[in-house]
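Trainee: File final.cif below, mmCIF, C-alpha atoms:
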data_model
#
loop_
_atom_site.label_atom_id
_atom_site.label_comp_id
_atom_site.auth_asym_id
_atom_site.auth_seq_id
_atom_site.Cartn_x
_atom_site.Cartn_y
_atom_site.Cartn_z
CA MET A 21 19.86 40.83 35.37
CA HIS A 22 18.58 38.90 32.41
CA SER A 23 17.89 40.75 29.23
CA LEU A 24 14.70 40.49 27.24
CA TYR A 25 16.47 38.36 24.60
CA SER A 26 17.70 35.79 27.10
CA ARG A 27 14.20 35.51 28.60
CA LEU A 28 12.67 35.04 25.13
CA ASN A 29 15.33 32.44 24.35
CA ALA A 30 14.52 30.53 27.53
CA LEU A 31 10.78 30.70 26.77
CA PHE A 32 11.36 29.51 23.19
CA ALA A 33 13.52 26.61 24.37
CA PHE A 34 10.89 25.56 26.91
CA VAL A 35 8.09 25.67 24.30
CA CYS A 36 10.20 23.57 21.89
CA PHE A 37 10.87 21.03 24.63
CA VAL A 38 7.16 20.76 25.51
CA LEU A 39 6.21 20.34 21.84
CA SER A 40 8.86 17.64 21.42
CA VAL A 41 7.46 15.70 24.38
CA VAL A 42 3.90 16.00 23.05
CA ILE A 43 4.98 14.76 19.59
CA ALA A 44 6.92 11.85 21.13
CA LEU A 45 3.86 10.86 23.20
CA ASN A 46 1.73 11.13 20.06
CA ILE A 47 4.01 8.74 18.16
CA ILE A 48 4.26 6.28 21.07
CA SER A 49 0.49 6.24 21.62
CA THR A 50 -0.18 5.00 18.06
CA PHE A 51 1.52 1.66 18.81
CA TRP A 52 -1.51 0.67 20.89
CA LEU A 53 -3.90 1.41 18.03
CA VAL A 54 -3.77 -1.89 16.16
CA PRO A 55 -5.61 -1.77 12.81
CA ASN A 56 -7.93 -4.63 11.91
CA PRO A 57 -8.90 -4.17 8.26
CA LYS A 58 -11.24 -6.62 6.56
CA VAL A 59 -9.85 -7.40 3.11
CA SER A 60 -10.79 -9.99 0.51
CA LEU A 61 -8.76 -10.21 -2.70
CA LYS A 62 -9.50 -12.73 -5.46
CA PHE A 63 -7.97 -13.30 -8.86
CA ASN A 64 -10.64 -12.91 -11.53
CA ARG A 65 -8.99 -13.47 -14.92
CA LEU A 66 -6.13 -12.31 -17.07
CA ARG A 67 -5.69 -11.18 -20.60
CA SER A 68 -2.61 -11.83 -22.68
CA LEU A 69 -1.58 -8.79 -24.67
CA ALA A 70 0.62 -8.41 -27.74
CA PRO A 71 4.34 -8.75 -26.98
CA LEU A 72 6.16 -5.49 -26.34
CA ARG A 73 9.65 -5.52 -27.92
CA GLY A 74 9.82 -9.31 -27.50
CA ASN A 75 8.64 -9.26 -23.86
CA GLU A 76 5.46 -10.95 -22.63
CA VAL A 77 2.67 -8.67 -21.40
CA ILE A 78 -0.43 -9.62 -19.39
CA SER A 79 -3.24 -7.62 -17.84
CA VAL A 80 -4.65 -8.97 -14.55
CA TYR A 81 -8.26 -8.60 -13.41
CA PHE A 82 -9.17 -8.97 -9.74
CA ASP A 83 -12.00 -8.59 -7.22
CA LEU A 84 -11.28 -6.52 -4.11
CA ASP A 85 -13.55 -6.03 -1.11
CA ALA A 86 -11.84 -3.98 1.62
CA ASP A 87 -13.01 -2.15 4.73
CA LEU A 88 -10.07 -0.03 5.91
CA ARG A 89 -11.97 2.28 8.28
CA SER A 90 -10.28 0.72 11.32
CA VAL A 91 -6.90 1.91 10.02
CA PHE A 92 -7.92 5.57 10.29
CA HIS A 93 -7.38 7.24 13.65
CA TRP A 94 -6.28 10.66 14.84
CA ASN A 95 -2.70 10.19 13.59
CA THR A 96 -3.53 8.94 10.06
CA ARG A 97 -3.18 11.52 7.31
CA HIS A 98 -3.94 9.15 4.40
CA LEU A 99 -3.45 5.59 3.13
CA TYR A 100 -1.65 4.35 0.06
CA VAL A 101 -3.16 1.02 -1.02
CA SER A 102 -1.88 -1.28 -3.75
CA VAL A 103 -2.36 -4.69 -5.33
CA VAL A 104 0.93 -6.40 -6.18
CA VAL A 105 1.63 -9.39 -8.44
CA SER A 106 4.75 -11.36 -7.51
CA TYR A 107 6.41 -14.22 -9.37
CA ALA A 108 9.80 -15.85 -9.89
CA THR A 109 11.70 -16.47 -13.11
CA ALA A 110 15.04 -17.99 -14.01
CA LYS A 111 16.42 -14.50 -14.64
CA ASN A 112 15.09 -12.87 -11.42
CA GLN A 113 14.32 -14.67 -8.17
CA LEU A 114 11.61 -12.20 -7.12
CA ASN A 115 9.57 -9.99 -9.43
CA GLU A 116 6.98 -7.68 -7.90
CA VAL A 117 4.73 -5.50 -10.02
CA VAL A 118 2.18 -3.03 -8.68
CA ILE A 119 -0.86 -3.49 -10.92
CA TRP A 120 -3.26 -1.14 -9.08
CA ASP A 121 -2.86 1.59 -6.50
CA SER A 122 -4.83 4.39 -4.90
CA ILE A 123 -4.60 7.02 -2.17
CA ILE A 124 -7.42 7.10 0.39
CA LEU A 125 -7.71 10.50 2.03
CA ASP A 126 -10.40 9.97 4.65
CA LYS A 127 -12.37 7.37 6.58
CA GLU A 128 -15.53 7.84 4.50
CA ARG A 129 -13.73 6.62 1.35
CA ALA A 130 -12.01 3.69 3.07
CA VAL A 131 -14.50 1.05 1.89
CA LEU A 132 -13.45 -0.43 -1.47
CA LYS A 133 -15.64 -2.72 -3.56
CA LEU A 134 -14.06 -3.49 -6.91
CA LYS A 135 -15.44 -6.25 -9.15
CA GLU A 136 -13.62 -7.42 -12.29
CA LYS A 137 -11.22 -4.50 -11.92
CA GLU A 138 -8.50 -4.43 -14.55
CA GLY A 139 -5.12 -3.49 -13.18
CA THR A 140 -4.07 0.04 -14.01
CA TYR A 141 -0.57 -1.17 -14.82
CA ARG A 142 0.43 -4.18 -16.94
CA VAL A 143 2.78 -7.00 -16.01
CA ILE A 144 5.69 -6.92 -18.46
CA ASP A 145 8.42 -9.52 -18.12
CA GLN A 146 11.97 -9.25 -19.42
CA GLY A 147 11.64 -12.09 -21.88
CA LYS A 148 9.29 -15.08 -21.76
CA GLY A 149 9.05 -15.64 -17.99
CA LEU A 150 5.28 -15.22 -17.66
CA SER A 151 4.22 -18.34 -19.57
CA ASN A 152 3.22 -21.31 -17.37
CA ASN A 153 4.31 -19.51 -14.22
CA HIS A 154 2.84 -19.26 -10.72
CA PHE A 155 1.74 -15.81 -9.51
CA ASN A 156 0.72 -14.38 -6.14
CA LEU A 157 -1.68 -11.47 -5.87
CA THR A 158 -1.29 -9.50 -2.60
CA PHE A 159 -2.93 -6.41 -1.09
CA TYR A 160 -0.73 -3.89 0.76
CA TYR A 161 -1.50 -0.64 2.53
CA ASN A 162 0.87 2.06 3.71
CA THR A 163 -0.13 4.55 6.39
CA ALA A 164 1.08 8.13 6.16
CA PRO A 165 0.81 9.55 9.68
CA VAL A 166 0.47 13.15 10.77
CA CYS A 167 3.72 12.64 12.70
CA GLY A 168 5.95 9.59 13.03
CA GLY A 169 7.28 7.02 10.60
CA LYS A 170 5.45 5.50 7.65
CA LEU A 171 4.36 1.90 8.08
CA LEU A 172 3.87 -0.67 5.31
CA TRP A 173 1.35 -3.37 6.16
CA ASP A 174 0.56 -6.48 4.19
CA THR A 175 -2.71 -8.24 4.76
CA PRO A 176 -3.54 -11.93 4.72
CA ALA A 177 -5.64 -11.10 1.66
CA SER A 178 -3.86 -12.76 -1.22
CA ASP A 179 -4.61 -15.14 -4.04
CA HIS A 180 -2.65 -17.49 -6.28
CA PHE A 181 -3.02 -18.16 -10.00
CA ILE A 182 -1.15 -19.81 -12.89
CA TYR A 183 -0.79 -18.34 -16.37
CA HIS A 184 -1.11 -21.25 -18.81
CA VAL A 185 -0.30 -20.60 -22.43
CA THR A 186 -2.38 -22.61 -24.89
CA LYS A 187 -1.03 -22.99 -28.40
#
Would you put the structure from the file into C-alpha cells?
Mentor:
Amino acid sequence: MHSLYSRLNALFAFVCFVLSVVIALNIISTFWLVPNPKVSLKFNRLRSLAPLRGNEVISVYFDLDADLRSVFHWNTRHLYVSVVVSYATAKNQLNEVVIWDSIILDKERAVLKLKEKEGTYRVIDQGKGLSNNHFNLTFYYNTAPVCGGKLLWDTPASDHFIYHVTK
C-alpha cells in the first residue's frame, strides 16, 4: 500500500505540473497581444550648462505625448518608460544617455502629456564631444510582466537635433 506521504508527494507533484502548464500557457498567450502605443516625441530646446571638470554639460527639453494604454493587459505588472539621447563622438562610437524616466503602475496613468519638460538627468560628455554634434532623441518602454520575460520596446517616436555652439 501507499503511505500518506507518498500520496501527498504525488498530489504535490501533480499540482506543480498543472501550475507549470498554466504559467507556460500564460506566457505563450501574451505573444498574440501586440501593443500599439501612440507616441509623439519632439525636441524642444536645450540649455548649455557650466562645464563639469572640463566636460561639456547640456540639459535637453522635449515634448512628449504618449498613450500607452494599449500596452497594459492582464500580464502587465508595470511599465518603465524612458527618453534617451544618443550621439557619436571620436572617443566613443555610441553614447546613450537616459535623460528622463518613469514607472507607470496602471492603465489609468498610462497617458503622458509633457510640454517643455526638462530632462531629469543631464548629458555629460567625456571631453568636448557635444559641440556641433548630431543627436537622436528616442522613446523606449520596457514591460514588466506578471510572469515571463521582460521586453524592451522602442517606438518610432524619435527626433533629431544638432547642438551648435556660438562663440
Trainee: Any idea what the distance is between atom CA of A:His180 and atom CA of A:Phe155?
Mentor: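 Distance reported for this atom pair: 5.7 Å.
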Trainee: For stretch 39-52 of chain A, work out the shell of residues within 9 Å, counting all atoms listed in the file and skipping chain neighbours fewer than 5 positions away, then give it as an NGL selection string.
Mentor: :A and (34 or 93-95 or 167-169)
Trainee: Give as a compact mmCIF listing (two decimals) with C-alpha atoms, in the coordinates of the input the residues that the PyMOL selection byres ((chain A and resi 58) around 8) matches when applied to the coordinates above.
Mentor:
# COMPACT_ATOMS: atom_id res chain seq x y z
CA ASN A 56 -7.93 -4.63 11.91
CA PRO A 57 -8.90 -4.17 8.26
CA VAL A 59 -9.85 -7.40 3.11
CA SER A 60 -10.79 -9.99 0.51
CA ALA A 86 -11.84 -3.98 1.62
CA ASP A 87 -13.01 -2.15 4.73
CA LEU A 88 -10.07 -0.03 5.91
Trainee: Taking 4 positions as the minimum chain separation for residues in the same chain, which residues sit within 9 Å of stretch 73-83 of chain A when counting all atoms listed in the file? Answer as number ranges by chain.
Mentor: A: 60-69, 105, 119, 133-151, 157
Trainee: Rank A:Val91, A:Phe181, A:Val54, A:Leu132 by their smallest atom-to-atom distance to A:Ser106, using only C-alpha atoms, and report the top residue only.
Mentor: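 Using only C-alpha atoms, A:Ser106 sits closest to A:Phe181.
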Trainee: Pick out the residues sitting within 8 Å of A:Phe92, and hand them over as a ChimeraX atom specification; count all atoms listed in the file, and ignore anything fewer than 4 positions along from it in its own chain.
Mentor: /A:88,96,98,126-127
Trainee: Would you compute the distance between atom CA of A:Ser90 and atom CA of A:Arg129? Give it in Å to one decimal.
Mentor: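 Computing the Euclidean distance for atom CA of A:Ser90 and atom CA of A:Arg129 yields 12.1 Å.
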Trainee: Mind giving me the straight-line distance from atom CA of A:Phe159 to atom CA of A:Trp120 in Å, one decimal?
Mentor: 9.6 Å
Trainee: Kindly complete stretch 114-125 of chain A to all heavy atoms; the output should be written as a CSV table (one decimal), in the frame of the given file.
Mentor:
chain,number,residue,atom,x,y,z
A,114,LEU,N,12.9,-12.8,-7.6
A,114,LEU,CA,11.6,-12.2,-7.1
A,114,LEU,C,11.3,-11.0,-8.0
A,114,LEU,O,12.1,-10.1,-8.2
A,114,LEU,CB,11.7,-11.7,-5.7
A,114,LEU,CG,10.5,-11.0,-5.1
A,114,LEU,CD1,9.3,-11.9,-5.1
A,114,LEU,CD2,10.8,-10.4,-3.7
A,115,ASN,N,10.1,-11.1,-8.6
A,115,ASN,CA,9.6,-10.0,-9.4
A,115,ASN,C,8.3,-9.5,-8.8
A,115,ASN,O,7.4,-10.3,-8.5
A,115,ASN,CB,9.3,-10.5,-10.9
A,115,ASN,CG,10.5,-11.0,-11.6
A,115,ASN,OD1,11.3,-10.2,-12.0
A,115,ASN,ND2,10.6,-12.3,-11.7
A,116,GLU,N,8.2,-8.3,-8.5
A,116,GLU,CA,7.0,-7.7,-7.9
A,116,GLU,C,6.5,-6.5,-8.8
A,116,GLU,O,7.3,-5.6,-9.0
A,116,GLU,CB,7.2,-7.2,-6.5
A,116,GLU,CG,7.4,-8.4,-5.5
A,116,GLU,CD,7.5,-7.9,-4.1
A,116,GLU,OE1,8.2,-6.8,-3.8
A,116,GLU,OE2,7.0,-8.6,-3.2
A,117,VAL,N,5.3,-6.5,-9.2
A,117,VAL,CA,4.7,-5.5,-10.0
A,117,VAL,C,3.5,-5.0,-9.4
A,117,VAL,O,2.5,-5.7,-9.1
A,117,VAL,CB,4.4,-6.0,-11.4
A,117,VAL,CG1,3.8,-5.0,-12.3
A,117,VAL,CG2,5.6,-6.7,-12.1
A,118,VAL,N,3.4,-3.7,-9.1
A,118,VAL,CA,2.2,-3.0,-8.7
A,118,VAL,C,1.3,-2.9,-9.9
A,118,VAL,O,1.6,-2.3,-10.9
A,118,VAL,CB,2.5,-1.6,-8.1
A,118,VAL,CG1,1.2,-0.9,-7.7
A,118,VAL,CG2,3.4,-1.7,-6.9
A,119,ILE,N,0.1,-3.5,-9.8
A,119,ILE,CA,-0.9,-3.5,-10.9
A,119,ILE,C,-2.0,-2.5,-10.7
A,119,ILE,O,-2.7,-2.1,-11.6
A,119,ILE,CB,-1.4,-4.9,-11.3
A,119,ILE,CG1,-2.2,-5.5,-10.1
A,119,ILE,CG2,-0.3,-5.8,-11.7
A,119,ILE,CD1,-3.0,-6.7,-10.4
A,120,TRP,N,-2.2,-2.1,-9.4
A,120,TRP,CA,-3.3,-1.1,-9.1
A,120,TRP,C,-2.9,-0.4,-7.8
A,120,TRP,O,-2.3,-1.1,-6.9
A,120,TRP,CB,-4.6,-1.8,-8.9
A,120,TRP,CG,-5.7,-0.9,-8.5
A,120,TRP,CD1,-6.5,-0.1,-9.3
A,120,TRP,CD2,-6.2,-0.7,-7.2
A,120,TRP,NE1,-7.4,0.6,-8.6
A,120,TRP,CE2,-7.2,0.3,-7.3
A,120,TRP,CE3,-5.8,-1.1,-5.9
A,120,TRP,CZ2,-7.9,0.8,-6.1
A,120,TRP,CZ3,-6.5,-0.7,-4.8
A,120,TRP,CH2,-7.5,0.3,-4.9
A,121,ASP,N,-3.1,0.9,-7.7
A,121,ASP,CA,-2.9,1.6,-6.5
A,121,ASP,C,-3.8,2.8,-6.4
A,121,ASP,O,-4.4,3.2,-7.4
A,121,ASP,CB,-1.4,2.1,-6.4
A,121,ASP,CG,-1.0,3.0,-7.5
A,121,ASP,OD1,-1.8,3.2,-8.5
A,121,ASP,OD2,0.1,3.5,-7.5
A,122,SER,N,-3.9,3.3,-5.2
A,122,SER,CA,-4.8,4.4,-4.9
A,122,SER,C,-4.4,5.0,-3.6
A,122,SER,O,-3.8,4.4,-2.7
A,122,SER,CB,-6.3,3.9,-4.8
A,122,SER,OG,-7.1,5.0,-4.6
A,123,ILE,N,-4.8,6.3,-3.4
A,123,ILE,CA,-4.6,7.0,-2.2
A,123,ILE,C,-6.0,7.3,-1.6
A,123,ILE,O,-6.8,7.9,-2.2
A,123,ILE,CB,-3.8,8.3,-2.4
A,123,ILE,CG1,-2.4,8.0,-2.9
A,123,ILE,CG2,-3.8,9.2,-1.1
A,123,ILE,CD1,-1.6,9.2,-3.2
A,124,ILE,N,-6.2,6.9,-0.3
A,124,ILE,CA,-7.4,7.1,0.4
A,124,ILE,C,-7.2,8.2,1.4
A,124,ILE,O,-6.3,8.1,2.3
A,124,ILE,CB,-7.9,5.8,1.1
A,124,ILE,CG1,-8.1,4.7,0.1
A,124,ILE,CG2,-9.2,6.1,1.9
A,124,ILE,CD1,-8.3,3.4,0.7
A,125,LEU,N,-8.0,9.3,1.2
A,125,LEU,CA,-7.7,10.5,2.0
A,125,LEU,C,-8.5,10.6,3.3
A,125,LEU,O,-8.1,11.3,4.3
A,125,LEU,CB,-8.0,11.7,1.2
A,125,LEU,CG,-7.1,11.9,0.0
A,125,LEU,CD1,-7.6,13.1,-0.9
A,125,LEU,CD2,-5.7,12.1,0.3
